[in-house]
Amino acid sequence: MPNATRTLLLLTSLGLAGPAAFAQKTLLHCGHLLDVRSGRLLSQQTLVIEKDRITAVQAGYTAAGSSQDHVINLENRTVLPGLIDCHVHLETVPSRGSFAEQFTLNPADVAYRAEANALTTLRAGFTTVRDCGGSGVNTALRKAVARGLVPGPRIYSAGTAISSTGGHMDPTDGLSENMMEKLNPGPAEGVANGPDQCRQAVREQFRRGADLIKIASTGGVLDLSKDGSGAQYTEEEIRAIVQTAHDLGMPVACHAHGAEGIKRAIRAGVTSIEHGSLMDAEAIQLMAKNRTWYVPTIIAGKSVADTTRRHPDYFPPVIAAKALNIGSQIQATFGRAIKQNVRVAFGTDAGVYRHGKNALEFGYMTEAGMSPIEAIRTATVNAAELLGDAQNLGALEAGKYADVVAVDGDPLQDISTLTRPKFVMKGGQVYVGEGN
């Protein structure tokens, strides 16, 4: 067997070769193409793709220039940039037994599950994600995807998130005192108190290859602490984290529900507030003034609240009470925030609810008063800016990655079309459509 044939068969078996794999150019004939910057739908456009990049956007349907060119017919569909979710947890799935999994799952178990969740997310049209905290498998998965070892979205990883003792990311919350003493997590495990330990915790994640730092300035819903809204870091501690992260070239995402913890984090200079469920007017104004990004995760709040109402015994009582109190308020808070021109980037907290349902968030955003095009921008140009990679992501423009989604219908008229992608391409490779 000739070497070239053997190579082609090997790449095909790995899913790395198909009709377009060795083409000189790939031409996407787009019935309608959404210009996310102007909000206009452009009719009969051609995206010209070479390797993993868009090289041109041309009016009309450009004919193949040679027998090596590959034409993909999307003439009956609306084409838009690959979507970006700025808050996922690829390692986790919603489960009654999620608390016990830290004692029952090995890292390899978590890795296989994370790989499956990554592919599900990609096939749902989300070609880039920001993983906001896990065991470190998230960072390894980022590397595996980037190397082409496994399929998945482009990943920005926070590694292990950081909180105070008894805080949202403290793995010993709810354990017996004997277990707490035996485990005794510290900065290396994401539990840090005081400015010095906070700096150390940031440096630990930097050493392990994280792209960003994720902290919690308040309690959370799905932990066994009794309070999900109280402030759990001082402003001095948060400032130490932010300064250290910025010295290392890393942004800081801050999980926060309660107003005081949100305000401390904004004043200390965090890049984004995640959830923001109980923001008051002062917090919203402070966020707008400081141009702090808001990643609302409405679907996560609604999911845990709805699950608690339908199945009162699903969560332990301490979690159920927080789910009803906090989760029910995120959408209304989001509605108030957008009226004050707070900058919003799309995020869902996937892993709290089922992976692959990320696009349901668009419907919740429009229900709260955001227009469809603004909602789409949160998951494209806005999200790319938050990630610090606007030169590569967020729009269908020459020079950017060939990350493309196509749907039936017009998402500006029916935002739910985004929950049913018919074509997904990431970096020039097709994952939905074209026989996939």
# chains A, B, ... in the order shown; residues from 1 in each chain; ligands from 1
>>> residues_around(residues="stretch 402-416 of chain A", least_positions_apart="2", cutoff="8 Å", atoms="only C-alpha atoms", output="PyMOL selection string")
chain A and resi 49+52-54+74+76-83+125+127+359-360+362-363+372-373+393+396+400+418-428
>>> select_by_dssp(residues="stretch 148-371 of chain A", states="strand (DSSP E)", output="PDB file with all heavy atoms, in the first residue's frame")
ATOM      1  N   ARG A 154     -12.818  24.658  21.524  1.00  0.00           N
ATOM      2  CA  ARG A 154     -11.610  25.342  21.996  1.00  0.00           C
ATOM      3  C   ARG A 154     -11.852  25.706  23.466  1.00  0.00           C
ATOM      4  O   ARG A 154     -12.867  26.287  23.796  1.00  0.00           O
ATOM      5  CB  ARG A 154     -11.396  26.577  21.130  1.00  0.00           C
ATOM      6  CG  ARG A 154     -10.031  27.183  21.148  1.00  0.00           C
ATOM      7  CD  ARG A 154      -9.933  28.246  20.073  1.00  0.00           C
ATOM      8  NE  ARG A 154      -9.908  27.670  18.731  1.00  0.00           N
ATOM      9  CZ  ARG A 154     -10.930  27.679  17.895  1.00  0.00           C
ATOM     10  NH1 ARG A 154     -12.089  28.234  18.253  1.00  0.00           N
ATOM     11  NH2 ARG A 154     -10.826  27.141  16.711  1.00  0.00           N
ATOM     12  N   ILE A 155     -10.908  25.379  24.352  1.00  0.00           N
ATOM     13  CA  ILE A 155     -11.148  25.515  25.788  1.00  0.00           C
ATOM     14  C   ILE A 155     -10.185  26.527  26.400  1.00  0.00           C
ATOM     15  O   ILE A 155      -8.980  26.479  26.162  1.00  0.00           O
ATOM     16  CB  ILE A 155     -10.986  24.160  26.503  1.00  0.00           C
ATOM     17  CG1 ILE A 155     -12.020  23.149  25.982  1.00  0.00           C
ATOM     18  CG2 ILE A 155     -11.135  24.323  28.025  1.00  0.00           C
ATOM     19  CD1 ILE A 155     -11.774  21.724  26.464  1.00  0.00           C
ATOM     20  N   TYR A 156     -10.742  27.427  27.198  1.00  0.00           N
ATOM     21  CA  TYR A 156      -9.967  28.289  28.089  1.00  0.00           C
ATOM     22  C   TYR A 156     -10.237  27.774  29.500  1.00  0.00           C
ATOM     23  O   TYR A 156     -11.377  27.781  29.961  1.00  0.00           O
ATOM     24  CB  TYR A 156     -10.393  29.752  27.955  1.00  0.00           C
ATOM     25  CG  TYR A 156     -10.043  30.366  26.628  1.00  0.00           C
ATOM     26  CD1 TYR A 156     -10.776  30.055  25.482  1.00  0.00           C
ATOM     27  CD2 TYR A 156      -8.966  31.241  26.502  1.00  0.00           C
ATOM     28  CE1 TYR A 156     -10.451  30.603  24.247  1.00  0.00           C
ATOM     29  CE2 TYR A 156      -8.636  31.803  25.274  1.00  0.00           C
ATOM     30  CZ  TYR A 156      -9.387  31.475  24.153  1.00  0.00           C
ATOM     31  OH  TYR A 156      -9.054  32.014  22.933  1.00  0.00           O
ATOM     32  N   SER A 157      -9.190  27.331  30.185  1.00  0.00           N
ATOM     33  CA  SER A 157      -9.381  26.617  31.446  1.00  0.00           C
ATOM     34  C   SER A 157      -8.965  27.445  32.654  1.00  0.00           C
ATOM     35  O   SER A 157      -7.895  28.060  32.665  1.00  0.00           O
ATOM     36  CB  SER A 157      -8.568  25.316  31.430  1.00  0.00           C
ATOM     37  OG  SER A 157      -8.599  24.692  32.697  1.00  0.00           O
ATOM     38  N   ILE A 213      -8.008  32.766  36.177  1.00  0.00           N
ATOM     39  CA  ILE A 213      -8.265  32.437  37.578  1.00  0.00           C
ATOM     40  C   ILE A 213      -9.749  32.583  37.846  1.00  0.00           C
ATOM     41  O   ILE A 213     -10.377  33.555  37.440  1.00  0.00           O
ATOM     42  CB  ILE A 213      -7.455  33.358  38.513  1.00  0.00           C
ATOM     43  CG1 ILE A 213      -5.948  33.125  38.328  1.00  0.00           C
ATOM     44  CG2 ILE A 213      -7.865  33.151  39.969  1.00  0.00           C
ATOM     45  CD1 ILE A 213      -5.479  31.728  38.658  1.00  0.00           C
ATOM     46  N   LYS A 214     -10.308  31.596  38.542  1.00  0.00           N
ATOM     47  CA  LYS A 214     -11.707  31.650  38.964  1.00  0.00           C
ATOM     48  C   LYS A 214     -11.733  31.646  40.489  1.00  0.00           C
ATOM     49  O   LYS A 214     -11.097  30.803  41.125  1.00  0.00           O
ATOM     50  CB  LYS A 214     -12.450  30.433  38.414  1.00  0.00           C
ATOM     51  CG  LYS A 214     -13.801  30.132  39.075  1.00  0.00           C
ATOM     52  CD  LYS A 214     -14.899  31.056  38.629  1.00  0.00           C
ATOM     53  CE  LYS A 214     -16.238  30.662  39.262  1.00  0.00           C
ATOM     54  NZ  LYS A 214     -16.649  29.267  39.032  1.00  0.00           N
ATOM     55  N   ILE A 215     -12.452  32.606  41.067  1.00  0.00           N
ATOM     56  CA  ILE A 215     -12.577  32.682  42.525  1.00  0.00           C
ATOM     57  C   ILE A 215     -14.054  32.751  42.903  1.00  0.00           C
ATOM     58  O   ILE A 215     -14.927  32.953  42.037  1.00  0.00           O
ATOM     59  CB  ILE A 215     -11.841  33.906  43.100  1.00  0.00           C
ATOM     60  CG1 ILE A 215     -12.551  35.218  42.683  1.00  0.00           C
ATOM     61  CG2 ILE A 215     -10.388  33.904  42.673  1.00  0.00           C
ATOM     62  CD1 ILE A 215     -12.053  36.442  43.433  1.00  0.00           C
ATOM     63  N   ALA A 216     -14.315  32.614  44.186  1.00  0.00           N
ATOM     64  CA  ALA A 216     -15.665  32.809  44.719  1.00  0.00           C
ATOM     65  C   ALA A 216     -15.594  33.843  45.834  1.00  0.00           C
ATOM     66  O   ALA A 216     -14.925  33.632  46.837  1.00  0.00           O
ATOM     67  CB  ALA A 216     -16.231  31.499  45.264  1.00  0.00           C
ATOM     68  N   VAL A 252      -9.449  37.398  35.803  1.00  0.00           N
ATOM     69  CA  VAL A 252     -10.072  36.792  36.980  1.00  0.00           C
ATOM     70  C   VAL A 252     -11.582  36.794  36.828  1.00  0.00           C
ATOM     71  O   VAL A 252     -12.204  37.855  36.683  1.00  0.00           O
ATOM     72  CB  VAL A 252      -9.684  37.535  38.276  1.00  0.00           C
ATOM     73  CG1 VAL A 252     -10.392  36.916  39.486  1.00  0.00           C
ATOM     74  CG2 VAL A 252      -8.180  37.514  38.482  1.00  0.00           C
ATOM     75  N   ALA A 253     -12.164  35.608  36.847  1.00  0.00           N
ATOM     76  CA  ALA A 253     -13.618  35.441  36.863  1.00  0.00           C
ATOM     77  C   ALA A 253     -14.052  35.206  38.298  1.00  0.00           C
ATOM     78  O   ALA A 253     -13.435  34.412  39.011  1.00  0.00           O
ATOM     79  CB  ALA A 253     -14.038  34.259  35.988  1.00  0.00           C
ATOM     80  N   CYS A 254     -15.113  35.879  38.716  1.00  0.00           N
ATOM     81  CA  CYS A 254     -15.524  35.805  40.119  1.00  0.00           C
ATOM     82  C   CYS A 254     -16.962  35.312  40.256  1.00  0.00           C
ATOM     83  O   CYS A 254     -17.906  36.012  39.875  1.00  0.00           O
ATOM     84  CB  CYS A 254     -15.389  37.182  40.778  1.00  0.00           C
ATOM     85  SG  CYS A 254     -15.873  37.189  42.524  1.00  0.00           S
ATOM     86  N   HIS A 255     -17.106  34.093  40.801  1.00  0.00           N
ATOM     87  CA  HIS A 255     -18.419  33.588  41.214  1.00  0.00           C
ATOM     88  C   HIS A 255     -18.911  34.454  42.367  1.00  0.00           C
ATOM     89  O   HIS A 255     -18.205  34.638  43.365  1.00  0.00           O
ATOM     90  CB  HIS A 255     -18.273  32.135  41.672  1.00  0.00           C
ATOM     91  CG  HIS A 255     -19.355  31.653  42.585  1.00  0.00           C
ATOM     92  ND1 HIS A 255     -20.316  30.760  42.189  1.00  0.00           N
ATOM     93  CD2 HIS A 255     -19.619  31.941  43.894  1.00  0.00           C
ATOM     94  CE1 HIS A 255     -21.129  30.515  43.204  1.00  0.00           C
ATOM     95  NE2 HIS A 255     -20.736  31.219  44.255  1.00  0.00           N
ATOM     96  N   ALA A 256     -20.128  34.996  42.223  1.00  0.00           N
ATOM     97  CA  ALA A 256     -20.690  35.817  43.303  1.00  0.00           C
ATOM     98  C   ALA A 256     -22.193  35.897  43.156  1.00  0.00           C
ATOM     99  O   ALA A 256     -22.704  36.150  42.061  1.00  0.00           O
ATOM    100  CB  ALA A 256     -20.077  37.222  43.287  1.00  0.00           C
ATOM    101  N   SER A 272     -14.677  39.623  35.449  1.00  0.00           N
ATOM    102  CA  SER A 272     -16.095  39.298  35.244  1.00  0.00           C
ATOM    103  C   SER A 272     -16.738  38.831  36.536  1.00  0.00           C
ATOM    104  O   SER A 272     -16.079  38.249  37.401  1.00  0.00           O
ATOM    105  CB  SER A 272     -16.256  38.212  34.169  1.00  0.00           C
ATOM    106  OG  SER A 272     -15.646  37.001  34.591  1.00  0.00           O
ATOM    107  N   ILE A 273     -18.025  39.098  36.630  1.00  0.00           N
ATOM    108  CA  ILE A 273     -18.863  38.567  37.710  1.00  0.00           C
ATOM    109  C   ILE A 273     -19.708  37.448  37.111  1.00  0.00           C
ATOM    110  O   ILE A 273     -20.424  37.652  36.117  1.00  0.00           O
ATOM    111  CB  ILE A 273     -19.776  39.647  38.317  1.00  0.00           C
ATOM    112  CG1 ILE A 273     -18.944  40.712  39.028  1.00  0.00           C
ATOM    113  CG2 ILE A 273     -20.794  39.021  39.272  1.00  0.00           C
ATOM    114  CD1 ILE A 273     -18.205  40.235  40.268  1.00  0.00           C
ATOM    115  N   GLU A 274     -19.646  36.275  37.727  1.00  0.00           N
ATOM    116  CA  GLU A 274     -20.411  35.115  37.273  1.00  0.00           C
ATOM    117  C   GLU A 274     -21.645  34.956  38.158  1.00  0.00           C
ATOM    118  O   GLU A 274     -21.544  34.985  39.372  1.00  0.00           O
ATOM    119  CB  GLU A 274     -19.548  33.857  37.362  1.00  0.00           C
ATOM    120  CG  GLU A 274     -18.129  34.019  36.839  1.00  0.00           C
ATOM    121  CD  GLU A 274     -18.040  34.214  35.343  1.00  0.00           C
ATOM    122  OE1 GLU A 274     -18.677  33.431  34.617  1.00  0.00           O
ATOM    123  OE2 GLU A 274     -17.330  35.136  34.899  1.00  0.00           O
ATOM    124  N   HIS A 275     -22.789  34.839  37.565  1.00  0.00           N
ATOM    125  CA  HIS A 275     -24.101  34.660  38.206  1.00  0.00           C
ATOM    126  C   HIS A 275     -24.709  36.005  38.622  1.00  0.00           C
ATOM    127  O   HIS A 275     -25.700  36.428  38.061  1.00  0.00           O
ATOM    128  CB  HIS A 275     -24.054  33.704  39.397  1.00  0.00           C
ATOM    129  CG  HIS A 275     -23.248  32.482  39.198  1.00  0.00           C
ATOM    130  ND1 HIS A 275     -23.467  31.611  38.151  1.00  0.00           N
ATOM    131  CD2 HIS A 275     -22.194  31.974  39.892  1.00  0.00           C
ATOM    132  CE1 HIS A 275     -22.588  30.622  38.212  1.00  0.00           C
ATOM    133  NE2 HIS A 275     -21.802  30.822  39.260  1.00  0.00           N
ATOM    134  N   TRP A 293     -17.353  42.778  33.184  1.00  0.00           N
ATOM    135  CA  TRP A 293     -18.219  41.878  32.429  1.00  0.00           C
ATOM    136  C   TRP A 293     -19.179  41.141  33.365  1.00  0.00           C
ATOM    137  O   TRP A 293     -18.820  40.797  34.491  1.00  0.00           O
ATOM    138  CB  TRP A 293     -17.398  40.865  31.648  1.00  0.00           C
ATOM    139  CG  TRP A 293     -16.699  41.434  30.460  1.00  0.00           C
ATOM    140  CD1 TRP A 293     -15.393  41.815  30.376  1.00  0.00           C
ATOM    141  CD2 TRP A 293     -17.278  41.696  29.177  1.00  0.00           C
ATOM    142  NE1 TRP A 293     -15.117  42.288  29.112  1.00  0.00           N
ATOM    143  CE2 TRP A 293     -16.247  42.232  28.357  1.00  0.00           C
ATOM    144  CE3 TRP A 293     -18.553  41.535  28.642  1.00  0.00           C
ATOM    145  CZ2 TRP A 293     -16.463  42.601  27.029  1.00  0.00           C
ATOM    146  CZ3 TRP A 293     -18.769  41.895  27.324  1.00  0.00           C
ATOM    147  CH2 TRP A 293     -17.738  42.422  26.525  1.00  0.00           C
ATOM    148  N   TYR A 294     -20.376  40.871  32.856  1.00  0.00           N
ATOM    149  CA  TYR A 294     -21.395  40.120  33.587  1.00  0.00           C
ATOM    150  C   TYR A 294     -21.705  38.855  32.798  1.00  0.00           C
ATOM    151  O   TYR A 294     -22.074  38.914  31.626  1.00  0.00           O
ATOM    152  CB  TYR A 294     -22.640  40.993  33.749  1.00  0.00           C
ATOM    153  CG  TYR A 294     -23.835  40.350  34.417  1.00  0.00           C
ATOM    154  CD1 TYR A 294     -23.695  39.372  35.396  1.00  0.00           C
ATOM    155  CD2 TYR A 294     -25.128  40.757  34.083  1.00  0.00           C
ATOM    156  CE1 TYR A 294     -24.794  38.808  36.007  1.00  0.00           C
ATOM    157  CE2 TYR A 294     -26.243  40.204  34.700  1.00  0.00           C
ATOM    158  CZ  TYR A 294     -26.065  39.229  35.649  1.00  0.00           C
ATOM    159  OH  TYR A 294     -27.163  38.673  36.260  1.00  0.00           O
ATOM    160  N   VAL A 295     -21.539  37.696  33.438  1.00  0.00           N
ATOM    161  CA  VAL A 295     -21.846  36.398  32.835  1.00  0.00           C
ATOM    162  C   VAL A 295     -22.987  35.799  33.652  1.00  0.00           C
ATOM    163  O   VAL A 295     -22.767  35.239  34.725  1.00  0.00           O
ATOM    164  CB  VAL A 295     -20.598  35.486  32.841  1.00  0.00           C
ATOM    165  CG1 VAL A 295     -20.919  34.155  32.163  1.00  0.00           C
ATOM    166  CG2 VAL A 295     -19.423  36.178  32.136  1.00  0.00           C
TER     167      VAL A 295
END
>>> select_by_dssp(residues="stretch 55-260 of chain A", states="alpha helix (DSSP H)", output="PyMOL selection string")
chain A and resi 101-104+107-123+137-146+177-183+194-207+235-247+259-260
>>> atom_distance(atom1="atom CA of A:Met250", atom2="atom CA of A:Ala231")
23.3 Å
